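Below is the file target_13.txt, which contains compact mmCIF, C-alpha atoms (C1' of nucleotides).
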# COMPACT_ATOMS: atom_id res chain seq x y z
CA MET A 1 11.06 9.44 17.07
CA LYS A 2 8.23 8.96 14.64
CA LEU A 3 5.66 11.49 13.56
CA SER A 4 2.49 10.27 11.89
CA THR A 5 -1.22 11.00 11.76
CA LYS A 6 -1.57 9.01 14.94
CA GLY A 7 0.74 11.38 16.76
CA ARG A 8 -1.08 14.35 15.31
CA TYR A 9 -4.43 13.03 16.51
CA ALA A 10 -3.02 12.61 19.99
CA VAL A 11 -1.44 16.07 20.06
CA THR A 12 -4.51 17.89 18.77
CA ALA A 13 -6.76 15.99 21.16
CA MET A 14 -4.48 16.99 24.03
CA MET A 15 -4.60 20.59 22.85
CA ASP A 16 -8.38 20.35 23.00
CA LEU A 17 -8.18 19.17 26.57
CA ALA A 18 -5.76 21.95 27.45
CA ILE A 19 -7.94 24.65 25.92
CA HIS A 20 -11.07 23.49 27.68
CA ASP A 21 -9.41 22.64 30.95
CA PRO A 22 -11.25 25.23 33.05
CA LEU A 23 -14.56 23.78 31.81
CA GLY A 24 -13.93 20.43 33.43
CA PRO A 25 -13.60 17.08 31.70
CA VAL A 26 -14.00 16.87 27.93
CA THR A 27 -15.74 13.80 26.53
CA LEU A 28 -14.23 11.78 23.73
CA ALA A 29 -17.56 12.11 21.94
CA ASP A 30 -16.91 15.87 21.79
CA ILE A 31 -13.42 15.47 20.39
CA SER A 32 -14.60 12.80 18.01
CA GLN A 33 -17.24 15.12 16.60
CA CYS A 34 -15.06 18.24 16.53
CA GLN A 35 -12.05 16.66 14.94
CA GLY A 36 -13.69 13.95 12.86
CA ILE A 37 -11.83 11.07 14.50
CA SER A 38 -13.69 7.86 15.29
CA LEU A 39 -14.71 7.54 18.93
CA SER A 40 -13.32 4.07 19.38
CA TYR A 41 -10.00 5.00 17.83
CA LEU A 42 -9.76 7.90 20.23
CA GLU A 43 -10.46 5.51 23.07
CA GLN A 44 -7.50 3.45 21.98
CA LEU A 45 -5.23 6.49 21.85
CA PHE A 46 -6.45 7.75 25.22
CA ALA A 47 -5.82 4.36 26.79
CA LYS A 48 -2.14 4.94 25.96
CA LEU A 49 -2.17 8.55 27.11
CA ARG A 50 -3.74 7.45 30.38
CA LYS A 51 -1.19 4.70 30.87
CA ASP A 52 1.52 7.38 30.69
CA GLY A 53 -0.30 9.64 33.12
CA LEU A 54 -0.86 12.36 30.54
CA VAL A 55 -4.63 12.31 31.03
CA GLU A 56 -7.06 11.07 33.63
CA GLY A 57 -10.53 9.79 32.95
CA VAL A 58 -13.66 10.65 34.91
CA ARG A 59 -16.45 8.15 34.55
CA GLY A 60 -20.17 8.60 34.62
CA PRO A 61 -22.36 11.45 33.44
CA GLY A 62 -20.51 14.76 33.38
CA GLY A 63 -17.28 12.82 33.07
CA GLY A 64 -14.68 12.81 30.36
CA TYR A 65 -10.94 13.37 30.27
CA ARG A 66 -8.75 15.91 32.00
CA LEU A 67 -5.05 16.63 31.67
CA GLY A 68 -3.07 14.47 34.04
CA ARG A 69 -0.73 17.38 34.81
CA PRO A 70 -0.71 21.13 34.16
CA ALA A 71 -0.32 21.92 30.45
CA SER A 72 3.01 23.57 31.24
CA GLN A 73 4.37 20.21 32.35
CA ILE A 74 3.33 18.18 29.32
CA SER A 75 5.67 18.19 26.34
CA ILE A 76 4.77 17.41 22.75
CA ALA A 77 7.45 14.72 22.68
CA GLU A 78 5.81 12.88 25.58
CA ILE A 79 2.47 12.81 23.82
CA ILE A 80 3.93 11.44 20.61
CA LYS A 81 6.02 8.89 22.47
CA ALA A 82 2.96 7.72 24.40
CA VAL A 83 0.95 6.79 21.32
CA ASP A 84 3.77 5.73 19.03
CA GLU A 85 5.62 3.60 21.57
CA ASN A 86 7.64 2.44 18.60
CA ILE A 87 11.29 2.77 19.55
CA ASP A 88 13.28 3.77 16.51
CA VAL A 89 14.93 0.46 15.65
CA THR A 90 17.56 0.75 12.97
CA ARG A 91 18.41 -2.39 11.10
CA CYS A 92 22.03 -2.68 12.02
CA LEU A 93 21.31 -2.09 15.74
CA GLY A 94 24.71 -0.54 15.99
CA ASN A 95 26.53 -3.85 15.81
CA LYS A 96 26.49 -4.70 12.15
CA ASP A 97 29.97 -4.33 10.78
CA CYS A 98 29.56 -2.26 7.74
CA HIS A 99 31.89 0.23 6.04
CA GLY A 100 34.97 -1.90 6.55
CA GLY A 101 34.61 -2.91 10.16
CA GLU A 102 33.54 0.43 11.59
CA LYS A 103 30.34 0.63 13.54
CA CYS A 104 27.65 1.73 11.15
CA LEU A 105 28.25 5.43 10.68
CA THR A 106 24.86 6.45 9.40
CA HIS A 107 23.24 4.74 12.36
CA GLN A 108 25.17 7.02 14.69
CA LEU A 109 24.27 10.04 12.63
CA TRP A 110 20.58 9.17 12.66
CA GLU A 111 20.66 8.67 16.43
CA ASP A 112 22.18 12.09 16.69
CA LEU A 113 19.43 13.62 14.58
CA SER A 114 16.76 11.68 16.45
CA THR A 115 18.03 12.97 19.77
CA ARG A 116 18.14 16.56 18.59
CA LEU A 117 14.58 16.26 17.33
CA TYR A 118 13.35 14.70 20.55
CA ASP A 119 14.96 17.43 22.60
CA PHE A 120 13.34 20.04 20.43
CA LEU A 121 9.86 18.56 20.86
CA ASP A 122 10.47 17.90 24.53
CA ASN A 123 11.00 21.60 25.10
CA LEU A 124 7.66 22.48 23.53
CA THR A 125 4.89 22.24 26.10
CA LEU A 126 1.16 22.20 25.53
CA ALA A 127 0.99 25.44 27.47
CA SER A 128 3.30 27.21 25.03
CA PHE A 129 0.68 26.69 22.34
CA ILE A 130 -2.49 27.59 24.15
CA GLN A 131 -0.94 30.71 25.64
CA ARG A 132 -0.91 32.47 22.30
CA PRO A 133 -3.10 35.57 22.65
CA GLU A 134 -5.62 34.78 19.89
CA ILE A 135 -6.17 31.33 21.33
CA ARG A 136 -6.69 32.65 24.84
CA GLU A 137 -9.23 35.10 23.52
CA VAL A 138 -11.30 32.52 21.67
CA SER A 139 -10.98 30.06 24.50
CA HIS A 140 -12.10 32.69 26.97
CA ARG A 141 -15.11 33.55 24.87
CA GLN A 142 -16.10 29.92 24.74
CA ASP A 143 -15.64 29.58 28.46
CA THR A 144 -17.77 32.63 29.10
CA ILE A 145 -20.61 31.28 26.99
CA ALA A 146 -20.31 27.86 28.52
CA ASN A 147 -20.22 29.22 32.04
CA ARG A 148 -23.30 31.33 31.40
CA ILE A 149 -25.11 28.23 30.25
CA ALA A 150 -23.74 26.32 33.22
CA THR A 151 -25.20 28.90 35.58
CA MET A 152 -28.59 28.69 33.93
CA PHE A 153 -28.77 24.93 33.63
CA PRO A 154 -27.57 21.91 35.57
CA PRO A 155 -24.47 20.02 34.29
CA ARG A 156 -26.35 17.64 31.97
CA ALA A 157 -27.87 20.49 30.05
CA MET A 158 -24.49 22.21 29.74
CA LEU A 159 -23.00 19.19 28.07
CA SER A 160 -25.85 18.99 25.62
CA ALA A 161 -25.38 22.67 24.87
CA ARG A 162 -21.71 22.12 24.19
CA MET A 163 -22.56 19.27 21.86
CA ALA A 164 -25.08 21.44 20.05
CA ALA A 165 -22.55 24.25 19.66
CA ALA A 166 -19.96 21.91 18.23
CA MET B 167 5.58 17.27 8.24
CA LYS B 168 5.70 13.56 8.62
CA LEU B 169 8.52 11.48 9.94
CA SER B 170 8.53 7.76 9.20
CA THR B 171 10.89 4.95 8.31
CA LYS B 172 10.74 6.14 4.74
CA GLY B 173 12.15 9.53 5.71
CA ARG B 174 14.82 7.86 7.81
CA TYR B 175 15.93 5.70 4.90
CA ALA B 176 16.21 8.76 2.72
CA VAL B 177 18.14 10.76 5.30
CA THR B 178 20.59 8.00 6.13
CA ALA B 179 21.16 7.26 2.45
CA MET B 180 21.88 10.94 1.87
CA MET B 181 24.29 10.90 4.79
CA ASP B 182 26.04 8.01 3.12
CA LEU B 183 26.39 10.03 -0.05
CA ALA B 184 27.67 13.01 1.89
CA ILE B 185 30.29 10.98 3.75
CA HIS B 186 31.59 9.33 0.62
CA ASP B 187 31.34 12.38 -1.57
CA PRO B 188 35.09 12.73 -2.22
CA LEU B 189 35.13 9.11 -3.47
CA GLY B 190 32.83 9.89 -6.37
CA PRO B 191 29.41 8.41 -7.02
CA VAL B 192 28.01 5.82 -4.61
CA THR B 193 25.93 3.00 -6.08
CA LEU B 194 22.56 2.08 -4.70
CA ALA B 195 23.80 -1.50 -4.50
CA ASP B 196 26.36 -0.29 -1.92
CA ILE B 197 23.79 1.51 0.18
CA SER B 198 21.39 -1.38 -0.15
CA GLN B 199 23.97 -3.76 1.24
CA CYS B 200 25.30 -1.48 3.96
CA GLN B 201 21.96 -0.37 5.30
CA GLY B 202 19.86 -3.44 4.53
CA ILE B 203 17.31 -1.66 2.37
CA SER B 204 16.05 -3.33 -0.80
CA LEU B 205 17.68 -2.02 -3.96
CA SER B 206 14.46 -1.41 -5.82
CA TYR B 207 12.93 0.44 -2.90
CA LEU B 208 15.99 2.67 -2.80
CA GLU B 209 15.56 3.31 -6.50
CA GLN B 210 12.05 4.53 -5.81
CA LEU B 211 13.24 6.85 -3.06
CA PHE B 212 16.10 8.17 -5.18
CA ALA B 213 13.74 8.88 -8.06
CA LYS B 214 12.05 11.38 -5.73
CA LEU B 215 15.30 12.80 -4.43
CA ARG B 216 16.47 13.28 -8.00
CA LYS B 217 13.23 14.97 -8.97
CA ASP B 218 13.90 17.53 -6.25
CA GLY B 219 17.50 18.03 -7.35
CA LEU B 220 18.94 16.64 -4.12
CA VAL B 221 20.95 13.98 -5.94
CA GLU B 222 22.19 13.37 -9.45
CA GLY B 223 22.64 9.99 -11.06
CA VAL B 224 25.61 8.87 -13.14
CA ARG B 225 24.85 5.94 -15.43
CA GLY B 226 27.03 3.14 -16.57
CA PRO B 227 29.89 1.32 -14.90
CA GLY B 228 31.60 3.42 -12.23
CA GLY B 229 28.39 5.40 -11.93
CA GLY B 230 26.06 5.85 -8.99
CA TYR B 231 24.62 8.84 -7.18
CA ARG B 232 26.18 12.11 -6.08
CA LEU B 233 24.79 14.93 -4.00
CA GLY B 234 23.01 17.44 -6.20
CA ARG B 235 24.40 20.33 -4.13
CA PRO B 236 27.04 20.75 -1.44
CA ALA B 237 26.07 19.03 1.80
CA SER B 238 25.99 22.42 3.48
CA GLN B 239 23.12 23.44 1.23
CA ILE B 240 20.90 20.41 1.79
CA SER B 241 18.61 20.46 4.81
CA ILE B 242 17.10 17.47 6.55
CA ALA B 243 13.63 18.95 6.04
CA GLU B 244 14.13 19.00 2.27
CA ILE B 245 15.06 15.34 2.20
CA ILE B 246 12.05 14.30 4.22
CA LYS B 247 9.72 16.49 2.20
CA ALA B 248 11.06 14.99 -1.04
CA VAL B 249 10.18 11.41 -0.17
CA ASP B 250 7.06 12.02 1.89
CA GLU B 251 5.41 14.49 -0.49
CA ASN B 252 2.37 14.01 1.67
CA ILE B 253 1.11 17.45 2.60
CA ASP B 254 -0.27 17.38 6.10
CA VAL B 255 -4.00 17.55 5.37
CA THR B 256 -6.11 18.03 8.46
CA ARG B 257 -9.68 16.91 8.29
CA CYS B 258 -11.39 20.17 8.93
CA LEU B 259 -9.21 21.97 6.36
CA GLY B 260 -9.62 25.11 8.38
CA ASN B 261 -13.18 25.66 7.28
CA LYS B 262 -15.21 23.31 9.39
CA ASP B 263 -17.15 25.27 11.92
CA CYS B 264 -16.44 23.62 15.16
CA HIS B 265 -16.24 24.94 18.70
CA GLY B 266 -19.26 27.18 18.35
CA GLY B 267 -18.55 28.81 15.02
CA GLU B 268 -14.86 29.53 15.54
CA LYS B 269 -12.38 28.28 13.01
CA CYS B 270 -11.05 25.01 14.27
CA LEU B 271 -8.61 25.98 16.99
CA THR B 272 -6.61 22.82 17.19
CA HIS B 273 -6.01 22.94 13.46
CA GLN B 274 -4.30 26.31 13.87
CA LEU B 275 -2.29 25.03 16.78
CA TRP B 276 -1.13 22.00 14.83
CA GLU B 277 -0.13 24.18 11.90
CA ASP B 278 1.88 26.24 14.31
CA LEU B 279 3.67 23.17 15.66
CA SER B 280 4.20 21.81 12.18
CA THR B 281 5.82 25.04 11.06
CA ARG B 282 8.12 25.18 14.08
CA LEU B 283 9.19 21.61 13.44
CA TYR B 284 9.84 22.24 9.77
CA ASP B 285 11.93 25.30 10.54
CA PHE B 286 13.95 23.30 13.01
CA LEU B 287 14.71 20.54 10.51
CA ASP B 288 15.28 23.06 7.76
CA ASN B 289 18.12 24.58 9.75
CA LEU B 290 19.88 21.24 10.11
CA THR B 291 22.06 20.56 7.08
CA LEU B 292 23.68 17.32 6.03
CA ALA B 293 27.03 19.02 6.51
CA SER B 294 26.31 19.73 10.18
CA PHE B 295 26.19 16.00 10.79
CA ILE B 296 29.16 14.80 8.84
CA GLN B 297 31.39 17.53 10.24
CA ARG B 298 31.44 15.96 13.67
CA PRO B 299 35.05 15.11 14.47
CA GLU B 300 34.65 11.36 15.03
CA ILE B 301 32.81 11.04 11.74
CA ARG B 302 35.48 12.97 9.84
CA GLU B 303 38.10 10.72 11.33
CA VAL B 304 36.38 7.48 10.34
CA SER B 305 35.42 8.87 6.99
CA HIS B 306 39.02 9.97 6.39
CA ARG B 307 40.35 6.56 7.29
CA GLN B 308 37.92 4.98 4.88
CA ASP B 309 38.89 7.41 2.18
CA THR B 310 42.54 6.75 2.77
CA ILE B 311 42.05 3.01 2.38
CA ALA B 312 39.85 3.49 -0.63
CA ASN B 313 42.30 5.89 -2.25
CA ARG B 314 45.18 3.54 -1.69
CA ILE B 315 43.20 0.82 -3.41
CA ALA B 316 42.21 3.23 -6.13
CA THR B 317 45.84 4.00 -6.80
CA MET B 318 46.65 0.34 -7.11
CA PHE B 319 43.67 -0.70 -9.21
CA PRO B 320 41.50 0.78 -11.93
CA PRO B 321 38.03 2.07 -10.96
CA ARG B 322 36.21 -1.21 -11.50
CA ALA B 323 38.41 -3.03 -9.04
CA MET B 324 37.99 -0.22 -6.52
CA LEU B 325 34.26 -0.60 -6.54
CA SER B 326 34.53 -4.31 -5.99
CA ALA B 327 36.91 -3.67 -3.14
CA ARG B 328 34.45 -1.31 -1.56
CA MET B 329 31.75 -3.94 -1.88
CA ALA B 330 33.99 -6.53 -0.29
CA ALA B 331 34.81 -4.21 2.59
CA ALA B 332 31.13 -3.53 3.24
C1' DT C 333 -32.78 2.08 43.09
C1' DA C 334 -33.16 2.60 37.92
C1' DG C 335 -31.55 4.60 33.94
C1' DA C 336 -28.35 7.08 31.36
C1' DA C 337 -23.78 8.89 30.29
C1' DT C 338 -19.65 8.13 30.32
C1' DG C 339 -14.92 5.55 30.58
C1' DC C 340 -12.73 1.20 29.74
C1' DC C 341 -11.61 -3.09 27.41
C1' DT C 342 -11.19 -6.68 23.69
C1' DA C 343 -11.61 -8.67 19.26
C1' DC C 344 -12.22 -8.07 14.63
C1' DT C 345 -12.18 -5.68 9.92
C1' DT C 346 -10.96 -2.41 6.46
C1' DA C 347 -7.97 1.04 4.38
C1' DA C 348 -3.65 3.09 3.67
C1' DT C 349 1.07 3.06 3.52
C1' DT C 350 5.48 0.96 3.50
C1' DA C 351 8.43 -2.23 1.69
C1' DG C 352 9.82 -5.57 -1.53
C1' DT C 353 9.81 -8.18 -6.18
C1' DA C 354 10.25 -8.51 -11.07
C1' DG C 355 11.47 -7.31 -15.41
C1' DG C 356 13.20 -4.53 -18.72
C1' DA C 357 14.92 -0.19 -21.37
C1' DA C 358 18.64 3.43 -21.60
C1' DT C 359 23.28 4.80 -21.03
C1' DA C 360 28.14 4.75 -20.68
C1' DA C 361 32.54 2.61 -19.56
C1' DA C 362 35.84 -0.99 -20.54
C1' DT D 363 29.88 -5.80 -27.34
C1' DT D 364 29.58 -6.87 -22.82
C1' DT D 365 28.82 -5.22 -18.33
C1' DA D 366 27.44 -2.09 -14.62
C1' DT D 367 24.75 0.97 -13.61
C1' DT D 368 20.55 4.29 -13.58
C1' DC D 369 15.86 4.61 -14.67
C1' DC D 370 11.08 3.20 -15.17
C1' DT D 371 6.66 0.60 -14.50
C1' DA D 372 3.62 -2.68 -12.63
C1' DC D 373 2.53 -5.81 -9.26
C1' DT D 374 2.51 -8.06 -4.50
C1' DA D 375 3.30 -8.72 0.44
C1' DA D 376 3.66 -6.96 5.01
C1' DT D 377 2.77 -3.70 8.34
C1' DT D 378 0.43 -0.07 10.45
C1' DA D 379 -3.34 3.12 10.91
C1' DA D 380 -8.02 3.63 11.35
C1' DG D 381 -12.57 2.21 12.09
C1' DT D 382 -16.45 -1.08 13.82
C1' DA D 383 -18.77 -3.69 17.22
C1' DG D 384 -20.11 -5.14 21.52
C1' DG D 385 -20.11 -5.32 26.23
C1' DC D 386 -18.69 -4.37 31.18
C1' DA D 387 -17.75 -0.82 34.95
C1' DT D 388 -18.63 3.35 37.19
C1' DT D 389 -21.07 7.26 38.74
C1' DC D 390 -24.36 10.90 38.37
C1' DT D 391 -29.25 12.25 38.50
C1' DA D 392 -33.84 11.55 39.03
Target format structure tokens, applied to this file:
Amino acid sequence: MKLSTKGRYAVTAMMDLAIHDPLGPVTLADISQCQGISLSYLEQLFAKLRKDGLVEGVRGPGGGYRLGRPASQISIAEIIKAVDENIDVTRCLGNKDCHGGEKCLTHQLWEDLSTRLYDFLDNLTLASFIQRPEIREVSHRQDTIANRIATMFPPRAMLSARMAAA
Amino acid sequence: MKLSTKGRYAVTAMMDLAIHDPLGPVTLADISQCQGISLSYLEQLFAKLRKDGLVEGVRGPGGGYRLGRPASQISIAEIIKAVDENIDVTRCLGNKDCHGGEKCLTHQLWEDLSTRLYDFLDNLTLASFIQRPEIREVSHRQDTIANRIATMFPPRAMLSARMAAA
DNA sequence: TAGAATGCCTACTTAATTAGTAGGAATAAA
DNA sequence: TTTATTCCTACTAATTAAGTAGGCATTCTA
């Protein structure tokens, strides 16, 4: 289990998707602009998220990315694992005889900690974050505005409006 | 909250100290050999741990490092914070107007997650790991051997014996 | 059917961080 | 006084994160 900026980018981008889910697909250009992450770097992260089925892409105008599953079925641990893919390799690999012939003790202890941490993050779902009342409120307001625009203009114009608002 | 190899090194080294606490100070040379981390890199990590009062150094022959406080009063979060010192700076810093004038939502959500994670790791103490029965057993066996040697030889010889065993 | 907006893919480059190397001064035990 | 250690600083190498560039594939809209 590793936790770096990369993981944070992935998690916050997924939160963005979750918040705007009812609006349809969110473009990476949107996320790139909102969160100040380079578009191409996001593409690289989303390639991994897609590979793990956490998101699905919709091509063409009006496209973007959607959650691959309901937010309640996506855990934070899964997101981080998808982009980090780096399995926690300890040096001794559990077979180095250290401390007088015993299997490396600290390795075991770290595994233990790593597991506890993973379990913790695996029990936190995207939904548990976006369901906070103040988030729902803001999100709803945004949706209302966006839907009003959507009613007045065809899809292309709505996207432009969202870009302008961001 | 960041979690990288650096943090793992620090945590496992601290676990080593905790396990061998009754034996007196543990040298960095020992840890370096047992865990395959370069001595000088360990010195750099321990400089930070010392700055935060998590360990105390004992100079001269027979010296090494000891826990700065009882293992039950040292949390995993503290150890990681000590070596990472990198405060999780998000790009928008909470003041970038994004999502149509609202304070960056995902920033808030990440903060929320970050806090939950910190609290989780702050409630895990070093002691909670080394008190597992199988660890106590191994640790006790090691201590027994070490103490037997210590009875037979003066401190210098004991250290060498520990090195040889490792 | 043409053009534009998107995802999707690959290769490369730059920046940041992690990890290691080197050398030496300070301290304390033997 | 010698030796084992912490303690300190500066530098370098390796690895990873992040960004850049360019182009192909798909699908919507006009």
- Compare A:Thr115, A:Thr106, A:Ser32, A:Thr125 by their minimum atom-to-atom distance to chain B, counting only C-alpha atoms, and give me the closest one.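 Of the candidates, the smallest distance to chain B is held by A:Thr106.
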Using only C-alpha atoms (C1' of nucleotides), what table do you get, as a tab-separated table, when you list each residue of chain A with an atom no more than 12 Å from chain C, its nearest pair of atoms, and their distance in Å rounded to one decimal, rows by chain then rising number?
residue	atom	partner	partner_atom	distance
A:Ser4	CA	C:DT349	C1'	11.1
A:Thr5	CA	C:DA348	C1'	11.6
A:Pro25	CA	C:DT338	C1'	10.9
A:Val26	CA	C:DT338	C1'	10.7
A:Thr27	CA	C:DT338	C1'	7.9
A:Leu28	CA	C:DT338	C1'	9.3
A:Ala29	CA	C:DT338	C1'	9.5
A:Asp30	CA	C:DT338	C1'	11.8
A:Leu39	CA	C:DG339	C1'	11.8
A:Ser40	CA	C:DC340	C1'	10.8
A:Leu42	CA	C:DG339	C1'	11.8
A:Glu43	CA	C:DC340	C1'	8.3
A:Gln44	CA	C:DC341	C1'	9.4
A:Phe46	CA	C:DC340	C1'	10.1
A:Ala47	CA	C:DC340	C1'	8.2
A:Lys48	CA	C:DC340	C1'	11.9
A:Arg50	CA	C:DC340	C1'	11.0
A:Glu56	CA	C:DG339	C1'	10.1
A:Gly57	CA	C:DG339	C1'	6.5
A:Val58	CA	C:DG339	C1'	6.8
A:Arg59	CA	C:DG339	C1'	5.0
A:Gly60	CA	C:DT338	C1'	4.4
A:Pro61	CA	C:DA337	C1'	4.3
A:Gly62	CA	C:DT338	C1'	7.4
A:Gly63	CA	C:DT338	C1'	5.9
A:Gly64	CA	C:DT338	C1'	6.8
A:Tyr65	CA	C:DG339	C1'	8.8
A:Pro155	CA	C:DA337	C1'	11.8
A:Arg156	CA	C:DA337	C1'	9.3
A:Leu159	CA	C:DA337	C1'	10.6
A:Ser160	CA	C:DA337	C1'	11.3
- Hey, list the chain D side of the contact with chain B: 12 Å cut-off, only C-alpha atoms (C1' of nucleotides), answer as an NGL selection string. :D and (364-371 or 377-378)
- Message: Using all atoms listed in the file, can you tell me which of B:Ala248, B:Arg232, B:Tyr207, B:Tyr284 comes closest to chain A?
- Response: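 Smallest distance to chain A is found for B:Tyr284.
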- Task: Please provide the set of residues having any atom within 8 Å of Gly7 (chain A), restricted to all atoms listed in the file, with same-chain residues fewer than 6 positions apart removed, written as a PyMOL selection string.
- Result: chain A and resi 79-80+83-84
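Separating CA of Gly68 (chain A) from CA of Ala13 (chain A) is a distance of 13.5 Å.
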- Item | Pick from A:Thr12, A:Lys81, A:His20, A:Lys6 nearest to chain B, counting all atoms listed in the file | A:Thr12
- Task: For CA of Tyr175 (chain B) and C1' of DC373 (chain D), determine how far apart the two atoms are, in Å to one decimal place.
- Result: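 Result for CA of Tyr175 (chain B) versus C1' of DC373 (chain D): 22.6 Å, one decimal.
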- Which of these, A:Leu67, A:Ile74, A:Leu117, A:Leu49, has the shortest distance to chain B once you count only C-alpha atoms?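 When distances to chain B are compared using only C-alpha atoms, the smallest one comes from A:Leu117.
Closest approach to Leu45 (chain A) from the set A:Leu3, A:Leu121, A:Val11, A:Leu105 is made by A:Val11, with distances taken over all atoms listed in the file.
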- Could you please determine the separation between CA of Met180 (chain B) and CA of Ile197 (chain B) in Å, to one decimal place?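 Pair CA of Met180 (chain B) / CA of Ile197 (chain B) returns 9.8 Å.
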- Task: Between A:Leu17, A:Cys34, A:Ala77, A:Leu23, single out the one closest to chain B, counting all atoms listed in the file.
- Result: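 Smallest separation from chain B among the options: A:Cys34.
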What box, with edges along x, y and z, holds each listed atom of region 68-83 of chain A when 3 Å is added on every side, and can you state its centre and edge lengths in Å to one decimal, as AutoDock Vina command-line options?
--center_x 2.2 --center_y 15.2 --center_z 27.7 --size_x 16.5 --size_y 22.8 --size_z 20.2
